[in-house]
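Chemist: Handing over data-v1.txt, compact mmCIF, C-alpha atoms and all ligand atoms.
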# COMPACT_ATOMS: atom_id res chain seq x y z
CA MET A 1 -184.63 -28.85 -169.52
CA PRO A 2 -185.94 -28.65 -173.14
CA SER A 3 -189.63 -29.38 -173.74
CA PRO A 4 -190.58 -32.93 -174.60
CA VAL A 5 -190.73 -33.73 -178.32
CA PRO A 6 -193.96 -35.03 -179.89
CA PHE A 7 -194.15 -38.80 -180.04
CA TYR A 8 -196.32 -40.68 -182.54
CA LEU A 9 -197.30 -44.30 -182.28
CA LEU A 10 -198.02 -46.17 -185.49
CA CYS A 11 -199.71 -49.51 -184.95
CA GLY A 12 -202.26 -51.82 -186.54
CA SER A 13 -202.63 -55.09 -188.31
CA LEU A 14 -199.86 -57.05 -189.94
CA GLY A 15 -199.23 -55.86 -193.48
CA ALA A 16 -201.88 -53.11 -193.36
CA GLY A 17 -199.56 -50.38 -194.66
CA LYS A 18 -197.77 -48.99 -191.60
CA THR A 19 -194.39 -48.60 -193.31
CA THR A 20 -196.10 -47.13 -196.39
CA LEU A 21 -197.61 -44.43 -194.17
CA LEU A 22 -194.38 -44.01 -192.20
CA MET A 23 -192.53 -43.14 -195.42
CA ARG A 24 -195.15 -40.50 -196.21
CA LEU A 25 -194.92 -38.97 -192.74
CA LEU A 26 -191.12 -38.90 -192.92
CA GLU A 27 -191.31 -37.08 -196.27
CA TYR A 28 -193.70 -34.59 -194.72
CA TRP A 29 -191.51 -33.88 -191.68
CA LYS A 30 -188.47 -33.56 -193.91
CA SER A 31 -190.32 -31.01 -196.06
CA GLN A 32 -191.05 -29.06 -192.86
CA GLY A 33 -187.35 -29.03 -191.93
CA LEU A 34 -187.91 -31.32 -188.93
CA ARG A 35 -185.51 -34.08 -187.86
CA ALA A 36 -187.49 -37.26 -187.40
CA GLY A 37 -186.22 -40.13 -185.27
CA VAL A 38 -187.72 -43.55 -185.95
CA LEU A 39 -188.00 -46.56 -183.69
CA MET A 40 -188.72 -49.77 -185.56
CA ASN A 41 -190.09 -52.77 -183.75
CA GLU A 42 -190.11 -55.68 -186.14
CA ALA A 43 -191.02 -59.29 -185.79
CA GLY A 44 -187.94 -60.92 -187.33
CA GLU A 45 -184.29 -60.91 -186.24
CA VAL A 46 -183.32 -58.92 -189.33
CA SER A 47 -184.82 -55.48 -189.91
CA ILE A 48 -186.61 -55.19 -193.27
CA ASP A 49 -188.51 -51.92 -192.80
CA GLY A 50 -185.64 -50.08 -191.03
CA PRO A 51 -183.46 -49.76 -194.17
CA ARG A 52 -186.48 -48.39 -196.09
CA ALA A 53 -187.14 -45.73 -193.44
CA GLY A 54 -183.41 -44.97 -193.31
CA THR A 55 -183.56 -43.58 -196.84
CA ILE A 56 -185.50 -40.57 -195.46
CA ALA A 57 -185.27 -40.38 -191.66
CA GLU A 58 -182.40 -38.70 -189.83
CA GLN A 59 -182.05 -41.58 -187.43
CA VAL A 60 -183.55 -45.07 -187.35
CA MET A 61 -183.17 -47.36 -184.35
CA ASN A 62 -184.21 -50.98 -184.43
CA LEU A 63 -185.59 -52.45 -181.26
CA ALA A 64 -184.72 -56.10 -180.72
CA GLY A 65 -186.84 -58.57 -182.68
CA GLY A 66 -190.16 -59.58 -181.21
CA CYS A 67 -192.83 -57.43 -179.75
CA VAL A 68 -192.65 -54.46 -177.45
CA CYS A 69 -194.91 -55.96 -174.84
CA CYS A 70 -192.94 -59.14 -174.42
CA ASP A 71 -189.32 -58.34 -175.13
CA THR A 72 -188.34 -54.76 -175.45
CA LYS A 73 -190.18 -52.39 -173.14
CA GLU A 74 -187.03 -51.01 -171.49
CA ASP A 75 -185.31 -50.73 -174.86
CA LEU A 76 -188.13 -48.46 -175.93
CA SER A 77 -187.47 -45.84 -173.23
CA TRP A 78 -183.74 -46.11 -173.89
CA GLY A 79 -184.32 -45.69 -177.65
CA ILE A 80 -186.37 -42.55 -177.13
CA ALA A 81 -183.64 -41.11 -174.90
CA GLN A 82 -181.03 -41.80 -177.60
CA LEU A 83 -183.12 -40.17 -180.32
CA VAL A 84 -183.98 -37.09 -178.28
CA ASN A 85 -180.71 -36.52 -176.42
CA ASP A 86 -178.08 -37.78 -178.87
CA ALA A 87 -179.69 -37.51 -182.31
CA ALA A 88 -181.55 -34.27 -181.48
CA SER A 89 -184.76 -35.52 -183.06
CA ASP A 90 -187.54 -32.91 -183.25
CA VAL A 91 -190.17 -35.60 -183.50
CA VAL A 92 -190.12 -39.32 -182.72
CA ILE A 93 -192.26 -42.04 -184.25
CA ILE A 94 -192.41 -45.74 -183.47
CA GLU A 95 -193.69 -48.29 -185.94
CA CYS A 96 -194.90 -51.25 -183.90
CA SER A 97 -194.74 -54.69 -185.41
CA GLY A 98 -198.16 -56.13 -186.19
CA LEU A 99 -197.46 -58.39 -183.19
CA ALA A 100 -197.02 -55.69 -180.53
CA ASP A 101 -199.76 -54.61 -178.15
CA PRO A 102 -199.96 -50.80 -178.52
CA ALA A 103 -201.38 -50.39 -175.01
CA GLU A 104 -198.04 -51.67 -173.67
CA VAL A 105 -196.15 -49.15 -175.79
CA ILE A 106 -198.37 -46.35 -174.47
CA ASP A 107 -197.68 -47.57 -170.99
CA ALA A 108 -193.92 -47.51 -171.59
CA VAL A 109 -193.78 -44.04 -173.13
CA THR A 110 -195.90 -42.45 -170.47
CA ASP A 111 -193.64 -43.49 -167.59
CA LEU A 112 -192.22 -40.54 -165.67
CA TYR A 113 -188.70 -40.70 -167.08
CA THR A 114 -189.76 -41.07 -170.71
CA ALA A 115 -192.55 -38.49 -170.46
CA ARG A 116 -189.91 -35.82 -169.71
CA LEU A 117 -188.37 -36.52 -173.13
CA ALA A 118 -191.40 -37.19 -175.31
CA THR A 119 -195.12 -36.51 -175.15
CA LEU A 120 -197.49 -39.01 -176.67
CA GLU A 121 -199.12 -36.89 -179.34
CA ARG A 122 -201.16 -39.33 -181.36
CA VAL A 123 -201.88 -43.04 -181.74
CA ILE A 124 -202.38 -43.86 -185.41
CA ALA A 125 -203.72 -47.30 -186.33
CA LEU A 126 -203.58 -48.75 -189.84
CA LEU A 127 -206.12 -51.44 -190.66
CA HIS A 128 -207.15 -53.49 -193.65
CA PRO A 129 -210.21 -55.62 -194.06
CA ILE A 130 -208.93 -59.17 -194.30
CA ALA A 131 -212.00 -61.29 -193.51
CA SER A 132 -211.36 -63.06 -190.22
CA GLU A 133 -212.46 -66.44 -191.60
CA THR A 134 -209.69 -66.41 -194.21
CA SER A 135 -206.97 -64.99 -191.99
CA HIS A 136 -205.20 -66.08 -188.83
CA SER A 137 -204.57 -62.43 -188.17
CA SER A 138 -203.54 -61.37 -184.74
CA GLN A 139 -207.02 -60.37 -183.62
CA TYR A 140 -206.07 -59.37 -180.11
CA VAL A 141 -203.41 -56.92 -181.27
CA THR A 142 -205.69 -55.47 -183.93
CA ALA A 143 -208.50 -55.01 -181.40
CA GLN A 144 -206.07 -53.22 -179.05
CA ALA A 145 -204.88 -50.97 -181.90
CA ILE A 146 -208.47 -50.01 -182.72
CA ARG A 147 -209.26 -49.35 -179.07
CA CYS A 148 -206.16 -47.21 -178.46
CA ALA A 149 -206.24 -45.16 -181.67
CA ASP A 150 -206.87 -41.44 -182.04
CA GLU A 151 -206.68 -41.83 -185.83
CA LEU A 152 -207.96 -44.91 -187.61
CA ILE A 153 -206.72 -45.27 -191.16
CA LEU A 154 -208.61 -47.85 -193.18
CA ASN A 155 -206.19 -48.73 -195.95
CA LYS A 156 -206.18 -50.84 -199.14
CA GLN A 157 -209.55 -49.53 -200.29
CA ASP A 158 -208.54 -50.49 -203.85
CA LEU A 159 -208.71 -54.20 -203.00
CA TYR A 160 -212.35 -54.27 -201.88
CA VAL A 161 -215.82 -53.83 -203.34
CA PRO A 162 -217.90 -51.03 -201.74
CA GLY A 163 -220.33 -53.32 -199.83
CA HIS A 164 -217.52 -55.23 -198.15
CA TRP A 165 -215.68 -52.01 -197.39
CA GLU A 166 -218.70 -50.35 -195.72
CA GLY A 167 -219.25 -53.38 -193.51
CA PHE A 168 -215.61 -53.28 -192.47
CA LYS A 169 -215.80 -49.57 -191.71
CA SER A 170 -218.95 -49.76 -189.60
CA GLY A 171 -217.45 -52.63 -187.59
CA ILE A 172 -214.42 -50.47 -186.78
CA VAL A 173 -216.47 -47.39 -185.87
CA LYS A 174 -218.52 -49.53 -183.45
CA GLN A 175 -215.33 -50.57 -181.66
CA ASN A 176 -214.01 -47.02 -181.37
CA PRO A 177 -216.47 -44.18 -182.01
CA TYR A 178 -214.00 -41.53 -180.73
CA ALA A 179 -211.26 -41.74 -183.34
CA ARG A 180 -211.14 -39.92 -186.66
CA ILE A 181 -211.61 -42.24 -189.61
CA TRP A 182 -209.55 -41.96 -192.80
CA GLU A 183 -210.09 -44.15 -195.87
CA THR A 184 -207.03 -44.61 -198.07
CA THR A 185 -205.27 -46.49 -200.81
CA GLN A 186 -201.47 -46.82 -200.48
CA ALA A 187 -201.88 -44.81 -197.21
CA ARG A 188 -202.19 -41.64 -199.31
CA ILE A 189 -203.23 -39.05 -196.79
CA ASP A 190 -202.99 -35.32 -196.10
CA ALA A 191 -200.13 -35.55 -193.59
CA ALA A 192 -200.57 -31.93 -192.45
CA ALA A 193 -204.23 -32.59 -191.60
CA LEU A 194 -203.43 -35.88 -189.90
CA LEU A 195 -200.67 -34.42 -187.73
CA ALA A 196 -202.24 -31.02 -186.99
CA PRO A 197 -202.81 -30.43 -183.27
CA MET A 198 -206.14 -31.78 -182.13
CA HIS A 199 -209.02 -29.31 -182.07
CA GLN A 200 -210.88 -28.48 -178.88
CA ALA A 201 -213.91 -30.19 -180.37
CA ARG A 202 -212.11 -33.54 -180.37
CA PRO A 203 -212.64 -35.78 -177.34
CA ALA A 204 -210.68 -34.44 -174.39
CA LYS A 205 -208.89 -37.73 -173.71
CA GLN A 206 -205.62 -38.19 -175.59
CA THR A 207 -206.24 -41.85 -176.11
CA ASN A 208 -208.99 -44.28 -175.33
CA VAL A 209 -206.82 -46.39 -173.09
CA VAL A 210 -208.00 -46.61 -169.52
CA PHE A 211 -204.92 -47.46 -167.52
CA GLY A 212 -206.88 -48.22 -164.36
CA GLU A 213 -208.57 -51.20 -165.99
CA PRO A 214 -206.89 -54.55 -165.56
CA ARG A 215 -205.53 -55.15 -169.04
CA PRO A 216 -205.74 -58.58 -170.58
CA SER A 217 -202.04 -58.20 -171.38
CA SER A 218 -201.14 -59.00 -167.81
CA SER A 219 -202.88 -62.35 -168.02
CA HIS A 220 -202.60 -63.35 -171.67
CA LYS A 221 -199.86 -65.69 -172.74
CA ARG A 222 -197.77 -64.85 -175.75
CA ALA A 223 -198.75 -68.07 -177.48
CA ASP A 224 -202.43 -67.15 -177.29
CA TYR A 225 -202.25 -64.64 -180.04
CA HIS A 226 -198.75 -64.30 -181.42
CA PRO A 227 -198.01 -65.58 -184.89
CA ILE A 228 -194.56 -67.10 -185.39
CA ALA A 229 -191.91 -64.95 -187.11
CA THR A 230 -189.15 -66.91 -188.85
CA THR A 231 -186.14 -65.13 -190.32
CA VAL A 232 -184.50 -66.98 -193.19
CA LYS A 233 -181.08 -65.50 -193.94
CA LEU A 234 -180.06 -65.74 -197.58
CA PRO A 235 -176.27 -65.38 -197.79
CA ALA A 236 -176.10 -66.48 -201.47
CA PRO A 237 -178.01 -65.09 -204.46
CA LEU A 238 -181.26 -66.77 -205.43
CA ASN A 239 -182.19 -68.52 -208.63
CA ARG A 240 -184.98 -66.40 -210.11
CA THR A 241 -187.02 -69.31 -211.54
CA SER A 242 -186.90 -71.28 -208.28
CA PHE A 243 -187.79 -68.25 -206.18
CA GLU A 244 -190.72 -67.29 -208.40
CA ALA A 245 -191.98 -70.89 -208.10
CA TRP A 246 -191.60 -70.65 -204.31
CA THR A 247 -193.74 -67.50 -204.19
CA LYS A 248 -196.52 -69.43 -205.93
CA SER A 249 -196.49 -72.16 -203.29
CA LEU A 250 -197.03 -70.06 -200.14
CA PRO A 251 -199.37 -71.74 -197.64
CA LYS A 252 -202.60 -70.00 -196.58
CA GLU A 253 -201.35 -69.93 -192.97
CA LEU A 254 -198.68 -67.40 -193.96
CA GLU A 255 -199.97 -63.92 -193.07
CA ARG A 256 -197.00 -61.83 -194.12
CA ALA A 257 -193.59 -62.19 -195.74
CA LYS A 258 -191.01 -59.58 -196.69
CA GLY A 259 -187.32 -59.18 -197.24
CA PHE A 260 -184.34 -58.23 -199.39
CA PHE A 261 -182.05 -60.41 -201.52
CA ARG A 262 -180.31 -60.60 -204.89
CA PHE A 263 -180.88 -62.85 -207.88
CA ALA A 264 -177.86 -64.68 -209.34
CA GLY A 265 -176.46 -62.81 -212.33
CA GLU A 266 -178.54 -59.67 -211.68
CA PRO A 267 -176.95 -56.58 -210.13
CA GLU A 268 -180.00 -55.04 -208.41
CA LEU A 269 -181.04 -55.52 -204.81
CA GLN A 270 -184.58 -56.95 -204.77
CA GLU A 271 -187.39 -56.34 -202.31
CA PHE A 272 -189.98 -59.05 -201.70
CA GLN A 273 -193.39 -58.22 -200.26
CA TYR A 274 -196.35 -60.46 -199.54
CA ALA A 275 -199.40 -59.23 -197.62
CA PRO A 276 -202.50 -61.31 -198.39
CA PRO A 277 -204.95 -60.90 -200.00
CA GLY A 278 -202.50 -59.10 -202.34
CA THR A 279 -200.22 -61.19 -204.54
CA PRO A 280 -196.48 -61.51 -203.80
CA THR A 281 -194.31 -58.82 -205.42
CA ILE A 282 -190.60 -58.73 -206.28
CA ALA A 283 -189.13 -55.36 -207.25
CA PRO A 284 -185.64 -53.82 -207.52
CA ILE A 285 -184.93 -51.31 -204.76
CA MET A 286 -182.14 -48.86 -203.92
CA LEU A 287 -181.16 -48.37 -200.28
CA LEU A 288 -178.44 -46.28 -198.67
CA ASP A 289 -176.91 -49.22 -196.80
CA GLU A 290 -176.70 -52.81 -197.93
CA PRO A 291 -179.24 -54.74 -195.83
CA ASN A 292 -178.73 -58.29 -194.63
CA PRO A 293 -180.26 -60.50 -197.29
CA ALA A 294 -183.12 -62.32 -195.57
CA ILE A 295 -186.83 -62.99 -195.74
CA VAL A 296 -189.05 -62.84 -192.67
CA LEU A 297 -192.05 -65.19 -192.66
CA ILE A 298 -194.94 -64.42 -190.31
CA GLY A 299 -198.01 -66.52 -189.68
CA ARG A 300 -199.55 -69.14 -187.45
CA GLY A 301 -199.70 -72.87 -188.01
CA TYR A 302 -197.45 -72.92 -191.07
CA ASP A 303 -194.78 -75.59 -191.42
CA VAL A 304 -191.69 -73.54 -190.60
CA GLU A 305 -189.11 -76.13 -191.60
CA THR A 306 -190.71 -77.02 -194.93
CA LEU A 307 -191.10 -73.40 -195.93
CA ARG A 308 -187.58 -72.50 -194.80
CA ALA A 309 -186.05 -75.50 -196.62
CA ALA A 310 -187.94 -74.65 -199.82
CA LEU A 311 -186.71 -71.05 -199.64
CA LEU A 312 -183.11 -72.03 -198.89
CA SER A 313 -183.16 -74.41 -201.85
CA CYS A 314 -183.63 -71.37 -204.12
CA MET A 315 -180.06 -70.23 -203.30
CA GLU A 316 -177.42 -70.84 -205.93
CA SER A 317 -174.24 -72.28 -204.51
N1 LIG B 401 -203.12 -53.04 -203.03
C1 LIG B 401 -202.62 -52.30 -202.04
N2 LIG B 401 -201.42 -52.61 -201.49
C2 LIG B 401 -200.95 -51.82 -200.50
C3 LIG B 401 -201.66 -50.68 -200.04
N3 LIG B 401 -200.92 -50.11 -199.05
C4 LIG B 401 -199.79 -50.84 -198.91
N4 LIG B 401 -199.80 -51.88 -199.78
C5 LIG B 401 -198.78 -52.94 -199.95
O1 LIG B 401 -198.95 -53.86 -198.86
C6 LIG B 401 -197.66 -54.40 -198.49
C7 LIG B 401 -197.43 -54.16 -197.01
O2 LIG B 401 -197.28 -52.75 -196.78
P1 LIG B 401 -196.42 -52.20 -195.56
O3 LIG B 401 -196.52 -50.72 -195.58
O4 LIG B 401 -195.05 -52.81 -195.56
O5 LIG B 401 -197.26 -52.83 -194.35
P2 LIG B 401 -196.86 -52.91 -192.79
O6 LIG B 401 -198.12 -52.70 -192.04
O7 LIG B 401 -195.73 -51.98 -192.50
O8 LIG B 401 -196.35 -54.40 -192.69
P3 LIG B 401 -195.72 -55.13 -191.35
O9 LIG B 401 -194.68 -54.19 -190.80
O10 LIG B 401 -195.13 -56.39 -191.90
O11 LIG B 401 -196.87 -55.38 -190.42
C8 LIG B 401 -196.64 -53.71 -199.39
O12 LIG B 401 -196.38 -54.55 -200.49
C9 LIG B 401 -197.34 -52.43 -199.83
O13 LIG B 401 -196.89 -51.95 -201.07
C10 LIG B 401 -202.93 -50.37 -200.64
O14 LIG B 401 -203.62 -49.43 -200.28
N5 LIG B 401 -203.35 -51.21 -201.63
Could you render the structure from this file as structure tokens?
Ligand SMILES: Nc1nc2c(ncn2[C@@H]2O[C@H](COP(=O)(O)OP(=O)(O)OP(=O)(O)O)[C@@H](O)[C@H]2O)c(=O)[nH]1

Modeler:
Amino acid sequence: MPSPVPFYLLCGSLGAGKTTLLMRLLEYWKSQGLRAGVLMNEAGEVSIDGPRAGTIAEQVMNLAGGCVCCDTKEDLSWGIAQLVNDAASDVVIIECSGLADPAEVIDAVTDLYTARLATLERVIALLHPIASETSHSSQYVTAQAIRCADELILNKQDLYVPGHWEGFKSGIVKQNPYARIWETTQARIDAAALLAPMHQARPAKQTNVVFGEPRPSSSHKRADYHPIATTVKLPAPLNRTSFEAWTKSLPKELERAKGFFRFAGEPELQEFQYAPPGTPTIAPIMLLDEPNPAIVLIGRGYDVETLRAALLSCMES
């Protein structure tokens, strides 16, 4: 039986820059002549990040919408088997949605069957310092990502003043003193250094997860920490003026929004991104396959129907 392939787990807070880093890692593996298989676990029904990764990766598989811990644990083992056995991936990476508990993913990939196919090589967590008082961010998932990580990448340094940034960093180091810390903007990182085999000097444990401990995941209810993900499909092109007005009316309860669509009378496919505290962006994008036009809205306590109706009203009939 061939040796297990290295498996990387990319996790962290919603909108912190996981896909931005994923694209960099895929470029790196490609430059090394390695076939990378990607598992995407996204919050909405329609995959937004998968088509982006598909422009570089050999094979991208989308796990059903939701979070790995609640919905798709078996799919994960099955997906790894497909990538390793059928797509002949040399390396496999999963990007967890900002809603998925990484400890559950670690649990799933270290089961006996899956461990014969893939070895958990590294847990990489992406974080950004949204102040907790202004965000309804999924604190439980972020805390789990920090606790599980071998590599902690503090991203979006450009958006913060040094004092705020240092406070953020020291808070993270307190929660996990074992991981390596990287400070980045646009997840720009030396991929070779990040992915190099761990040195002897590093802590002997592969991750900081203690499986013997009773994990809160067995007792927590989904509603306790999960934001709501709403997928709004957009079968008709949007009116640019109405859509731009909609992006200026987003409620503070919305933690993340992203998607693809077209404007009426304009040929390009457009990508929409919103990750507070950044401002919403709309930019033309080229993808290999035409994605389903849709926008995924993620947050807690926002008025789903009002926001959906306002977005749908931007469509031109
Ligand atoms: N200003 C700034 N924006 C960034 C940085 N890194 C990423 N972004 C932007 O933040 C948005 C979210 O980035 P993604 O890489 O999609 O984040 P993600 O963690 O994959 O998002 P989810 O999968 O929705 O949790 C995009 O618009 C990125 O271009 C950064 O360092 N600075």

Chemist: When you look at Leu154 in chain A with a cut-off of 6 Å (counting all atoms listed in the file), what residues show up, excluding the ones that are within fewer than 5 positions of it in the same chain? I need them as a VMD selection string.

Modeler: chain A and resid 127 to 128 182 to 183

Chemist: So which one's closest to ligand LIG 401 (chain B), A:Pro280, A:Gly15, A:Gly33, A:Pro4? Using all atoms listed in the file, please.

Modeler: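 For ligand LIG 401 (chain B), the nearest of the given residues is A:Gly15.
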
Chemist: Got a sec to check which residues lie within 8 Å of ligand LIG 401 (chain B), using all atoms listed in the file, and send them as a ChimeraX atom specification?

Modeler: /A:11-22,42-43,49,95-99,126,155-159,184-188,256-258,272-275,278,280-281

Chemist: Could you pull the residues within 12 Å of Thr114 in chain A, counting all atoms listed in the file, minus those fewer than 6 positions along the same chain, as a list in words?

Modeler: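 My reading of the contact set: Pro4, Val5, Pro6, Phe7, Lys73, Glu74, Asp75, Leu76, Ser77, Trp78, Gly79, Ile80, Ala81, Gln82, Leu83, Val84, Asn85, Val105, Ile106, Asp107, Ala108 and Leu120 of chain A.
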
Chemist: One number please: CA of His164 in chain A to CA of Ile130 in chain A, in Å, one decimal.

Modeler: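 According to the coordinates, CA of His164 in chain A and CA of Ile130 in chain A are separated by 10.2 Å.
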
Chemist: Which residues are close to Glu316 in chain A, i.e. within 8 Å by all atoms listed in the file, leaving aside same-chain residues fewer than 2 positions away? Reply as a ChimeraX atom specification.

Modeler: /A:236-239,264,313-314

Chemist: With C-alpha atoms retained, could you export that selection as a compact mmCIF listing (two decimals), in the coordinates of the input?

Modeler:
# COMPACT_ATOMS: atom_id res chain seq x y z
CA ALA A 236 -176.10 -66.48 -201.47
CA PRO A 237 -178.01 -65.09 -204.46
CA LEU A 238 -181.26 -66.77 -205.43
CA ASN A 239 -182.19 -68.52 -208.63
CA ALA A 264 -177.86 -64.68 -209.34
CA SER A 313 -183.16 -74.41 -201.85
CA CYS A 314 -183.63 -71.37 -204.12

Chemist: Missing atoms in range 114-128 of chain A: fill them in up to N, CA and C atoms and send the result as a CSV table (one decimal), in the frame of the given file.

Modeler:
chain,number,residue,atom,x,y,z
A,114,THR,N,-189.6,-41.2,-169.3
A,114,THR,CA,-189.8,-41.1,-170.7
A,114,THR,C,-190.6,-39.9,-171.0
A,115,ALA,N,-191.6,-39.6,-170.2
A,115,ALA,CA,-192.6,-38.5,-170.5
A,115,ALA,C,-191.8,-37.1,-170.4
A,116,ARG,N,-190.7,-37.1,-169.7
A,116,ARG,CA,-189.9,-35.8,-169.7
A,116,ARG,C,-189.2,-35.6,-171.1
A,117,LEU,N,-189.1,-36.6,-171.8
A,117,LEU,CA,-188.4,-36.5,-173.1
A,117,LEU,C,-189.3,-36.4,-174.3
A,118,ALA,N,-190.5,-37.1,-174.2
A,118,ALA,CA,-191.4,-37.2,-175.3
A,118,ALA,C,-192.8,-37.2,-174.8
A,119,THR,N,-193.7,-36.5,-175.5
A,119,THR,CA,-195.1,-36.5,-175.2
A,119,THR,C,-195.9,-37.3,-176.2
A,120,LEU,N,-196.7,-38.2,-175.7
A,120,LEU,CA,-197.5,-39.0,-176.7
A,120,LEU,C,-198.5,-38.1,-177.3
A,121,GLU,N,-198.3,-37.9,-178.6
A,121,GLU,CA,-199.1,-36.9,-179.3
A,121,GLU,C,-200.3,-37.6,-180.0
A,122,ARG,N,-200.1,-38.7,-180.6
A,122,ARG,CA,-201.2,-39.3,-181.4
A,122,ARG,C,-200.9,-40.8,-181.5
A,123,VAL,N,-202.0,-41.6,-181.4
A,123,VAL,CA,-201.9,-43.0,-181.7
A,123,VAL,C,-202.6,-43.2,-183.1
A,124,ILE,N,-201.8,-43.7,-184.1
A,124,ILE,CA,-202.4,-43.9,-185.4
A,124,ILE,C,-202.4,-45.4,-185.7
A,125,ALA,N,-203.6,-45.9,-186.0
A,125,ALA,CA,-203.7,-47.3,-186.3
A,125,ALA,C,-204.1,-47.5,-187.8
A,126,LEU,N,-203.3,-48.4,-188.4
A,126,LEU,CA,-203.6,-48.8,-189.8
A,126,LEU,C,-204.3,-50.1,-189.9
A,127,LEU,N,-205.4,-50.2,-190.6
A,127,LEU,CA,-206.1,-51.4,-190.7
A,127,LEU,C,-206.5,-51.8,-192.1
A,128,HIS,N,-206.6,-53.1,-192.3
A,128,HIS,CA,-207.2,-53.5,-193.6
A,128,HIS,C,-208.1,-54.6,-193.4
